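Novice: This is the structure I want to talk about, given as C-alpha cells.
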4 protein chains.
Amino acid sequence: MLKYMSAGESHGKGILAVLEGVPKGLFICENFINNELKRRQAGVGRGERMNIEDDKVEIFSGVYEGFSTGAPIALIVKNKDYRQKQDKEYCAPRAGHADLAGCLKYNQKDFYTISERASARETVSRVLAGSVAKLFLKELDINVMSRIVSVFDESDDIKIEKLIKKTQQDGDTLGGIIMIKAQNMIAGVGSHVHYDRKLDYHISSHLISVQGIKSVEFGIGKEYAGLLGSKAHDSIGINNGKIVRSTNQCGGIEGGISNGEDIVISVSQKPIPTTKIPQNSINLKIGEVCVTEYVRSDACAVHSCAVVCESALSIVLMQEILRTLGGDTMNEVRERAFAKRRVKDEFFGK
Amino acid sequence: MLKYMSAGESHGKGILAVLEGVPKGLFICENFINNELKRRQAGVGRGERMNIEDDKVEIFSGVYEGFSTGAPIALIVKNKDYRQKQDKEYCAPRAGHADLAGCLKYNQKDFYTISERASARETVSRVLAGSVAKLFLKELDINVMSRIVSVFDESDDIKIEKLIKKTQQDGDTLGGIIMIKAQNMIAGVGSHVHYDRKLDYHISSHLISVQGIKSVEFGIGKEYAGLLGSKAHDSIGINNGKIVRSTNQCGGIEGGISNGEDIVISVSQKPIPTTKIPQNSINLKIGEVCVTEYVRSDACAVHSCAVVCESALSIVLMQEILRTLGGDTMNEVRERAFAKRRVKDEFFGK
Amino acid sequence: MLKYMSAGESHGKGILAVLEGVPKGLFICENFINNELKRRQAGVGRGERMNIEDDKVEIFSGVYEGFSTGAPIALIVKNKDYRQKQDKEYCAPRAGHADLAGCLKYNQKDFYTISERASARETVSRVLAGSVAKLFLKELDINVMSRIVSVFDESDDIKIEKLIKKTQQDGDTLGGIIMIKAQNMIAGVGSHVHYDRKLDYHISSHLISVQGIKSVEFGIGKEYAGLLGSKAHDSIGINNGKIVRSTNQCGGIEGGISNGEDIVISVSQKPIPTTKIPQNSINLKIGEVCVTEYVRSDACAVHSCAVVCESALSIVLMQEILRTLGGDTMNEVRERAFAKRRVKDEFFGK
Amino acid sequence: MLKYMSAGESHGKGILAVLEGVPKGLFICENFINNELKRRQAGVGRGERMNIEDDKVEIFSGVYEGFSTGAPIALIVKNKDYRQKQDKEYCAPRAGHADLAGCLKYNQKDFYTISERASARETVSRVLAGSVAKLFLKELDINVMSRIVSVFDESDDIKIEKLIKKTQQDGDTLGGIIMIKAQNMIAGVGSHVHYDRKLDYHISSHLISVQGIKSVEFGIGKEYAGLLGSKAHDSIGINNGKIVRSTNQCGGIEGGISNGEDIVISVSQKPIPTTKIPQNSINLKIGEVCVTEYVRSDACAVHSCAVVCESALSIVLMQEILRTLGGDTMNEVRERAFAKRRVKDEFFGK
C-alpha cells in the first residue's frame with residue numbers, strides 16, 4: 001500500500017514529497033521527474049514566479065543506482081525564491097483562497113503562514129509523487145495524459161492562448177475544464193465491496209484536493225442526469241472472442257471497479273482568486289473594509305493544473321493497483337499484473 | 001476520529017453499520033433513525049422491493065438507555081426478502097453495474113454474489129450511520145438537507161413525478177441532479193495543510209462512493225470554469241462588526257476549510273442501469289451475445305439517493321468536526337464547538 | 001489489506017466482528033469457528049458465566065454457500081445472559097480494570113457501561129475474526145498454536161489445574177505466561193523500511209490489546225539483555241543447498257521481517273482483577289473508602305487467553321501476508337504465496 | 001491526529017522526519033532538538049561513526065519564526081559519512097539483522113540497500129519527531145525520561161561503563177534493559193472501546209519497532225504472572241478528597257486508558273548483532289559457508305536506545321492526547337488539557 005506525504009511552503013526552503021510503499025526495482029528516472037516539473041511550470045498565463053524558479057528534483061532517499069530500494073523515497077525541490085521573513089502584513093484576505101477560513105481556524109489575523117502552505121506551489125509535491133507513480137504505471141503499460149477542454153468560453157487551443165494573454169493584460173484571471181485519462185488500465189482494480197475501496201472514491205478525493213478544482217466528473221459525468229437508462233450505458237458485446245464495450249460513457253469504472261476501458265475524468269478549475277483588479281475585502285486587524293493588494297500570481301494555471309491532475313490520478317492508480325497486486329519487487333508486480341490482465345484477455349479461453 | 005464500516009447483502013440476512021468513535025452521551029433516537037430509513041424507502045419510481053421491506057433498525061451495541069456509551073455502535077436492519085440461495089444463474093452482466101468488472105476482478109462467470117453486495121440496498125448502511133451523524137450534528141445546530149434539482153430534463157416537482165411514472169411504464173429508468181446542504185456549519189473544519197485533510201477531499205469521496213453518483217460539484221462547481229476571477233469569488237465584507245460574504249458560490253469551503261457559510265454540493269445520479277427494456281449483453285458462461293434479463297429494480301431512485309447523500313455528507317462532517325474538536329463526551333464536544341464558533345463571532349471583539 | 005472491527009458488550013445483545021478485505025473463495029467453516037469459540041470458553045478456572053453461554057456463530061454477511069465472496073464478513077455471537085438494564089450501581093471501581101480510568105475519561109461515577117465494553121467477553125470478537133484468519137493461514141499451510149508456560153509459580157499441567165481450583169476456592173485469582181507460535185511461516189512478510197511496516201510492530205500491539213496482557217516478548221525476549229552479541233544470534237548456515245539457522249532465539253523475525261522460521265512470542269497475563277476477596281476501593285458517588293463488591297468472574301483465564309492470543313496473532317499474520325501478496329481471490333493468494341516460498345526454497349537454484 | 005513518516009539511509013544523504021498534525025503555535029526549539037540528537041549520539045560503547053557525525057537538525061518546513069504553523073513539519077539531518085556507492089559486496093548476512101530476511105523478501109543476494117535502511121541510524125528520525133513531541137508534552141507539563149536498568153548482568157552505572165569498555169575491547173557486544181517513564185500524564189487518554197484505541201496498543205508497537213527491542217512490559221509486566229489477584233493490583237483510595245493509588249504496578253494504564261499515574265514501561269534491547277568476533281554465515285552469491293566481515297558498529301547502544309525509546313513514547317503520547325483533545329492551536333490544546341485534568345482533580349468537587 002502506497003502512502004504519500006507532502007511538506008513545504010511557497011517561499012520556504014522548498015517542497016518535499018515522501019512515498020512509502022514503492023516496490024523495489026522501479027527505475028526512478030531523474031530526467032523524467034525534471035521534465036514533469038518543467039511541464040508543471042510551463043503554459044500560457046503563468047506569473048513572474050515561474051521565471052525565478054527552475055524546479056529540479058533532489059532524490060534524497062530510497063533510490064540506489066537509479067532504482068528504488070523499497071525504502072521510503074523522499075524527493076525535494078528547493079525554492080529559489082526563499083524568504084526568511086514575510087515582506088509585509090497579510091491582513092486583507094482574498095476570497096476564494098484559504099486566507100480567511102484559515103484565520104478563523106487558527107484564530108489569527110495575519111494569514112501569511114496560511115497562504116504559504118495553501119499556495120498552489122504545493123502542487124510541486126504532487127508532481128514529484130506523481131512522476132514516480134507515472135514511472136510505475138509505465139512499467140505496466142498504463143499511460144496517463146490530459147487535455148484542456150476549455151478555458152472560459154473557449155475550446156480552441158490558439159484562441160485559448162490569445163484569451164489568456166488578453167485577460168492577463170486586463171489584470172483578471174481564468175479557469176477551465178480539464179480531461180484526464182489513463183489508457184490501457186488493468187481491469188479489476190478497486191472494489192465494490194466497501195465504500196472506501198471504490199476506485200472513484202480515491203480518484204475524486206485526490207483530484208478535488210488539487211488547488212482550485214471545484215468539480216469532478218467520471219466519464220460523461222453530469223450528462224448522465226439527462227439520459228434514459230436504456231441509452232446511458234456502455235453495452236457489452238463480444239468481438240473475436242474478446243469482451244468489448246460499445247462506448248465508454250462511464251469512464252472506465254463500474255461499481256467502483258476498473259472495467260478495463262480507459263479511465264476518463266473531467267475536472268473544472270475555478271479562476272485564480274488573486275487578481276490585479278482589486279477585490280473587496282476587510283482588514284482583519286482593524287475590522288474595516290478595504291481592497292485586496294495584489295500578490296504576484298498567475299492569470300491562468302489550467303495547463304499547469306492539467307499536469308498536477310495527471311499526477312493526482314497516477315498516485316491513486318498506483319496505490320490501488322498495489323492494493324490488488326501487492327508485491328515487494330517490480331518483478332512480482334509485473335508478473336501479477338500480467339496474470340491479472342490475462343483474466344480478461346482469456347475470459348473465454350485462448 | 002470516526003470510523004465507519006458497512007456489511008451485508010441485498011438478499012442476505014440484512015445490512016449492518018458499525019460506527020467507532022462516537023462520543024459518549026449522544027442521544028441515539030431510534031425513531032429518528034427509522035424515519036430516515038423510511039425516507040430512503042420512499043419516493044416515486046421505487047420498485048416492488050420497497051413494498052416488501054419495512055426497514056427498522058436494531059440497535060445492537062454501543063447504546064445504553066438511549067445514549068451512546070462511547071463504545072462502537074452497531075446498527076442492523078434485517079432483510080425481509082432474504083434468500084438462502086440464488087434463484088437462477090446471473091451470467092448476462094448489465095452495463096453500468098459492477099457485474100462485469102466484478103467478474104473480471106474475481107475471475108468468475110456468475111455475478112450473483114457481486115451484484116448482491118454492489119446493490120444500492122447497501123445504502124441502508126449509509127443511512128444508519130448517517131442518522132447517527134445527523135443526530136450528532138443537530139446537537140451542534142448543524143442541519144443537513146437536500147433538494148432534487150432535476151430529473152432528466154425536468155425540474156418542477158409535479159412534472160418530475162409524472163415523468164417518472166411514465167418512464168416506469170415505458171420500462172425505462174431515470175437519473176437526476178441533487179443538491180445537498182449543511183446549514184450553520186462551524187468555520188475552521190478541515191485543513192489546507194495536507195491534501196488528505198481537506199474537507200472537500202473527504203466529502204467528494206464519500207459522495208462519489210454512493211451508488212450511481214457520477215459527478216460532484218462544490219458550490220457553483222463546473223460553472224466556475226466560465227467565469228472571470230474578478231467576478232467568481234464571494235467577496236468579504238463586514239456588517240455590524242461581523243464578517244459577511246456577498247455570495248456563497250464556493251459552497252462554504254475555501255482552501256479545504258469550512259468558512260462558516262453553508263456547505264453546498266451538487267451531485268448527478270446516472271439513470272439506473274437495470275431496465276425492463278432489454279439491453280445488449282453477453283452470456284459469460286458461453287461467450288455469446290444475449291440480452292439482459294430484467295431483475296426487479298427501481299425506475300428512478302433520485303429521492304432515495306438524496307437521503308443517502310445527506311447521510312454521506314453527515315458522516316464526513318461528523319468525522320471532520322471530531323478531528324478538530326476531539327472529545328470523549330458530548331459535553332466536551334458541545335463546549336469546544338461553542339468556543340470554536342466564538343472565534344468567528346467575536347473576531348473583532350464582542 | 002485486512003481491516004477488522006469489533007462491537008458488542010458483555011451483557012448486551014451479543015458480540016460482533018466485521019472483517020473487510022478477505023479474498024474471495026476462502027472456505028468459512030462454521031464448525032471450525034464454533035470449535036474455536038468452544039476452546040475460548042473452556043479451561044479450568046472459568047466462572048459461572050461460561051455455564052450460561054454456549055457461544056455459536058451466526059454468519060451474517062460476506063459468505064455464500066460456505067465461501068467468502070470478497071464482501072465484508074460480519075460474524076455475530078448472541079449473548080444468552082443479556083440484560084436490558086444494570087442490576088445495581090457500579091460505583092466501587094476495581095483496581096486493574098478500566099473502571100476508574102474510564103470514569104475519569106468520561107467524567108461519570110457509575111462505571112457499568114465502561115466495564116460492559118472493557119470486559120474480556122469482547123475477546124469473543126477476536127476469536128471470530130481470528131478463526132477466519134486461521135482458516136486463511138491454513139490454506140497457506142501456516143499453523144498457529146499456543147502453550148501455557150506457567151501459572152503463578154507452576155509449569156506442570158496437572159499441578160496448574162490443582163492450583164487454579166484451590167485458588168478459586170480461596171476467592172483469589174491467577175495469571176500466567178503463554179507462548180504463541182506460527183509454524184511454517186512464509187519468509188519476507190513485514191518490512192524493515194518503515195517503523196509501521198514491521199511485523200513485530202503489528203504483533204505486539206494486537207497482543208498487548210488482549211485483555212490482561214502486560215508484556216510481549218519475541219523469541220527469548222528479555223533474556224537477550226543478558227547475553228553477549230557473539231552468543232545471542234541464530235547463526236546462518238547451509239544444509240543440502242538450503243539456508244538453515246542454528247537456533248530460533250529471535251522468534252522468526254529479523255529487522256521486522258519474517259525470516260522463514262517459526263514465529264514465537266511469549267506474553268504474560270496479569271491475574272484477573274476481580275476477586276471474591278474484597279479489595280480496597282472508593283465509592284465514586286460519595287467519595288468515601290469502601291471495598292469492592294464481587295462481580296461474577298473467572299479465577300484464571302489463562303487457557304482462554306491462549307486461544308485469544310492465537311487469534312490476535314492470526315489476524316496480524318493474515319493482514320501482513322495480504323499486504324505483501326495482495327490478491328482478490330484465494331487462487332491468486334495461493335499462487336503468490338507459493339511463488340514467495342519458492343524464493344527461499346530455491347535461493348541457490350533448484 | 002498526528003502522522004509521522006521517516007525516510008533516509010545510513011550512508012545516504014541524510015535522515016528525515018515529517019510530522020503532520022502538529023497544532024499551530026508550538027515553540028519548536030532548535031537547540032532542544034539538537035540536544036536530543038546529541039544525547040542519542042552519546043553513551044559509552046558507541047563506534048567510530050559517532051566521531052564522524054555531528055547531527056544537527058535543519059528545519060525544512062512547518063515552522064515560522066520558531067513556532068509551528070500547523071503545516072507539516074519536515075526535519076532533516078544530513079549525513080557527513082555519505083557514500084554515493086557501496087564500498088564492497090555485502091553477501092554474508094549477519095544473524096540478528098534484516099540482512100537475510102530482507103534478501104528473501106526482495107530476492108536479492110547483496111544486502112547493502114537493506115542494511116542501509118534497517119540500520120539504527122534511522123533512529124535519528126525518531127529523535128527528530130520525538131523532540132517535537134517532547135516539546136508538545138512539556139507544554140502540558142508531561143515529562144518523558146528513561147533509565148538504564150541493566151546491561152548484561154550489571155545494574156550499577158560505573159560497573160556498566162567498565163563492562164561495556166571491556167566488552168568493546170573483546171570485540172563483543174551487549175544489550176540491556178531500559179525503563180521509560182512519562183510523568184504527570186493526563187488521565188483518560190486512550191480507550192477501552194476498541195482494540196486499536198488502547199494506549200498500550202500504540203505504545204507497544206512504537207517501542208518494539210525501535211531497532212533491537214525484543215520485549216515490552218507495562219509496569220511490573222512479566223512479574224504479574226507470578227502474583228495473586230488480591231495482591232497484584234494498585235488499590236484505590238482517597239486522600240484529602242483526591243483519588244490516590246497505593247502503588248503503580250500497572251504502569252499508569254488500565255483497560256487501555258491512562259489512569260493519571262506515571263506511564264512506566266520496560267524494554268529489553270538485544271546485544272548488537274554486528275560483532276568484531278566473526279560469526280558463522282553463508283555467502284549468498286555462491287551458497288557456501290563463511291564468516292561475517294566486520295562492519296563498523298557500536299559495542300553497546302543502550303544509552304542511545306534509551307533516548308530513542310523516550311522519543312517513541314513521546315510520539316505516541318502526543319498522538320493519543322491529540323486524538324482525545326483535538327485542537328487546531330496550542331491554545332486550544334492547553335485549555336482542553338486543563339479542563340481534562342480538572343475532571344480528575346475535582347472529581348469529588350472542589
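Chain lettering (A, B, ...) mirrors the order of the C-alpha cells, residue numbering begins at 1 for each chain separately, and ligand numbering begins at 1 in order of display.
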DSSP says strand (DSSP E or B) for which residues of range 56-237 of chain A? Put them as a PyMOL selection string?

Specialist: chain A and resi 57-61+63-64+67-68+73-78+143-151+154+174+176-183+190+213-218+228+236-237

Novice: For the selection you just gave me, I'd like the residues written to a file as a tab-separated table (two decimals), in the first residue's frame, keeping C-alpha atoms.

Specialist:
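Contents of the output file part-v2.tsv:
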```
chain	number	residue	atom	x	y	z
A	57	VAL	CA	14.43	17.30	-8.07
A	58	GLU	CA	16.89	16.16	-5.45
A	59	ILE	CA	16.47	12.45	-4.79
A	60	PHE	CA	17.09	12.33	-1.04
A	61	SER	CA	16.43	8.69	-0.19
A	63	VAL	CA	16.87	5.16	-4.58
A	64	TYR	CA	20.19	3.41	-5.24
A	67	PHE	CA	16.39	2.09	-8.81
A	68	SER	CA	14.00	2.15	-5.89
A	73	ILE	CA	11.51	7.76	-1.39
A	74	ALA	CA	11.98	11.38	-0.35
A	75	LEU	CA	12.13	13.92	-3.17
A	76	ILE	CA	12.97	17.58	-2.66
A	77	VAL	CA	12.69	20.68	-4.83
A	78	LYS	CA	14.42	23.73	-3.40
A	143	ASN	CA	-0.29	5.82	-19.79
A	144	VAL	CA	-1.75	8.88	-18.05
A	145	MET	CA	-2.41	12.04	-20.06
A	146	SER	CA	-4.58	15.16	-20.07
A	147	ARG	CA	-6.23	17.65	-22.37
A	148	ILE	CA	-7.57	21.19	-21.88
A	149	VAL	CA	-11.26	21.01	-22.78
A	150	SER	CA	-11.96	24.71	-22.38
A	151	VAL	CA	-10.84	27.96	-20.79
A	154	GLU	CA	-13.11	28.94	-25.47
A	174	LEU	CA	-9.34	32.44	-15.82
A	176	GLY	CA	-11.21	25.98	-17.26
A	177	ILE	CA	-12.10	22.37	-17.76
A	178	ILE	CA	-9.53	19.56	-17.94
A	179	MET	CA	-9.95	15.99	-19.07
A	180	ILE	CA	-7.60	13.34	-17.61
A	181	LYS	CA	-7.23	9.88	-18.99
A	182	ALA	CA	-5.44	6.63	-18.10
A	183	GLN	CA	-5.02	4.38	-21.11
A	190	GLY	CA	-10.79	-1.04	-6.93
A	213	ILE	CA	-10.60	22.17	-8.51
A	214	LYS	CA	-14.33	22.54	-7.80
A	215	SER	CA	-15.91	19.59	-9.63
A	216	VAL	CA	-15.09	16.05	-10.66
A	217	GLU	CA	-16.96	14.03	-13.26
A	218	PHE	CA	-16.45	10.41	-14.26
A	228	LEU	CA	-32.67	7.48	-20.27
A	236	ILE	CA	-21.46	-5.22	-23.55
A	237	GLY	CA	-20.59	-7.22	-26.63
```

Novice: Give me the residues of chain B that have any atom at most 6 Å from an atom of chain A; for each, the nearest atom pair and the distance in Å, rounded to one decimal. Use only C-alpha atoms, sort by chain and number, and format it as CSV.

Specialist:
```
residue,atom,partner,partner_atom,distance
B:Ala95,CA,A:Ser235,CA,5.5
B:Gly96,CA,A:His233,CA,5.5
B:His97,CA,A:Gly255,CA,5.7
B:Ala98,CA,A:Gly255,CA,4.1
B:Ala101,CA,A:Asn259,CA,4.6
B:Leu104,CA,A:Gly188,CA,5.7
B:Lys105,CA,A:Gly188,CA,3.9
B:Ala118,CA,A:His192,CA,5.5
B:Phe152,CA,A:Gly226,CA,4.1
B:Asp153,CA,A:Gly226,CA,5.8
B:Asp172,CA,A:Gly229,CA,5.9
B:Thr173,CA,A:Gly229,CA,4.7
B:Leu174,CA,A:Leu228,CA,5.5
B:Gly175,CA,A:Ala225,CA,4.8
B:Gly176,CA,A:Ala225,CA,4.2
B:Gly188,CA,A:Lys105,CA,3.9
B:His192,CA,A:Ala118,CA,5.5
B:Tyr195,CA,A:Ser209,CA,5.5
B:Tyr201,CA,A:Ser205,CA,4.2
B:Ser204,CA,A:Ser205,CA,5.6
B:Ser205,CA,A:Tyr201,CA,4.2
B:Ile208,CA,A:Tyr201,CA,5.9
B:Ser209,CA,A:Tyr201,CA,5.4
B:Lys214,CA,A:Gly221,CA,4.9
B:Ser215,CA,A:Glu217,CA,4.2
B:Val216,CA,A:Val216,CA,5.5
B:Glu217,CA,A:Ser215,CA,4.2
B:Phe218,CA,A:Lys214,CA,5.4
B:Gly221,CA,A:Lys214,CA,5.0
B:Lys222,CA,A:Ser268,CA,5.4
B:Tyr224,CA,A:Lys270,CA,4.8
B:Ala225,CA,A:Gly176,CA,4.3
B:Gly226,CA,A:Phe152,CA,4.1
B:Leu228,CA,A:Leu174,CA,5.5
B:Gly229,CA,A:Thr173,CA,4.7
B:His233,CA,A:Gly96,CA,5.6
B:Asp234,CA,A:Ala95,CA,5.7
B:Ser235,CA,A:Ala95,CA,5.5
B:Ile236,CA,A:Ser281,CA,4.7
B:Gly237,CA,A:Ser281,CA,5.7
B:Glu254,CA,A:Ala98,CA,5.1
B:Gly255,CA,A:Ala98,CA,4.1
B:Ile257,CA,A:Ala101,CA,5.9
B:Asn259,CA,A:Ala101,CA,4.6
B:Ser268,CA,A:Lys222,CA,5.4
B:Gln269,CA,A:Ala225,CA,5.9
B:Lys270,CA,A:Tyr224,CA,4.8
B:Pro271,CA,A:Gly229,CA,4.8
B:Ile272,CA,A:Gly229,CA,5.9
B:Pro273,CA,A:Gly229,CA,5.6
B:Asn280,CA,A:Ser235,CA,5.7
B:Ser281,CA,A:Ile236,CA,4.7
B:Ile282,CA,A:Gly237,CA,5.9
B:Lys344,CA,A:Leu104,CA,5.9
```

Novice: One decimal, in Å: what's the spacing between CA of Lys166 in chain B and CA of His303 in chain B?

Specialist: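 The value is 16.5 Å.
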
Novice: Would you work out the distance separating CA of Asn79 in chain C from CA of Val127 in chain C, expressed in Å to one decimal?

Specialist: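 CA of Val127 in chain C lies at a distance of 15.0 Å from CA of Asn79 in chain C.
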
Novice: Rounded to one decimal in Å, what is the spacing between CA of Asp298 in chain C and CA of Gln168 in chain C?

Specialist: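 Distance between the two atoms: 8.2 Å.
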
Novice: Which of range 13-235 of chain D end up as alpha helix (DSSP H) when DSSP is run on this backbone - answer as a PyMOL selection string?

Specialist: chain D and resi 30-41+49-52+99-106+112-118+123-139+157-170+199-208+229-232

Novice: Quick one: residues within 12 Å of Lys88 in chain C, only C-alpha atoms, excluding same-chain residues fewer than 5 positions away - as number ranges by chain?

Specialist: C: 83, 110-112, 293, 295

Novice: With only C-alpha atoms as the atoms that count, which of D:Gly21, D:Thr113, D:Gly47, D:Gly326 lies nearest to Glu89 in chain D?

Specialist: D:Thr113
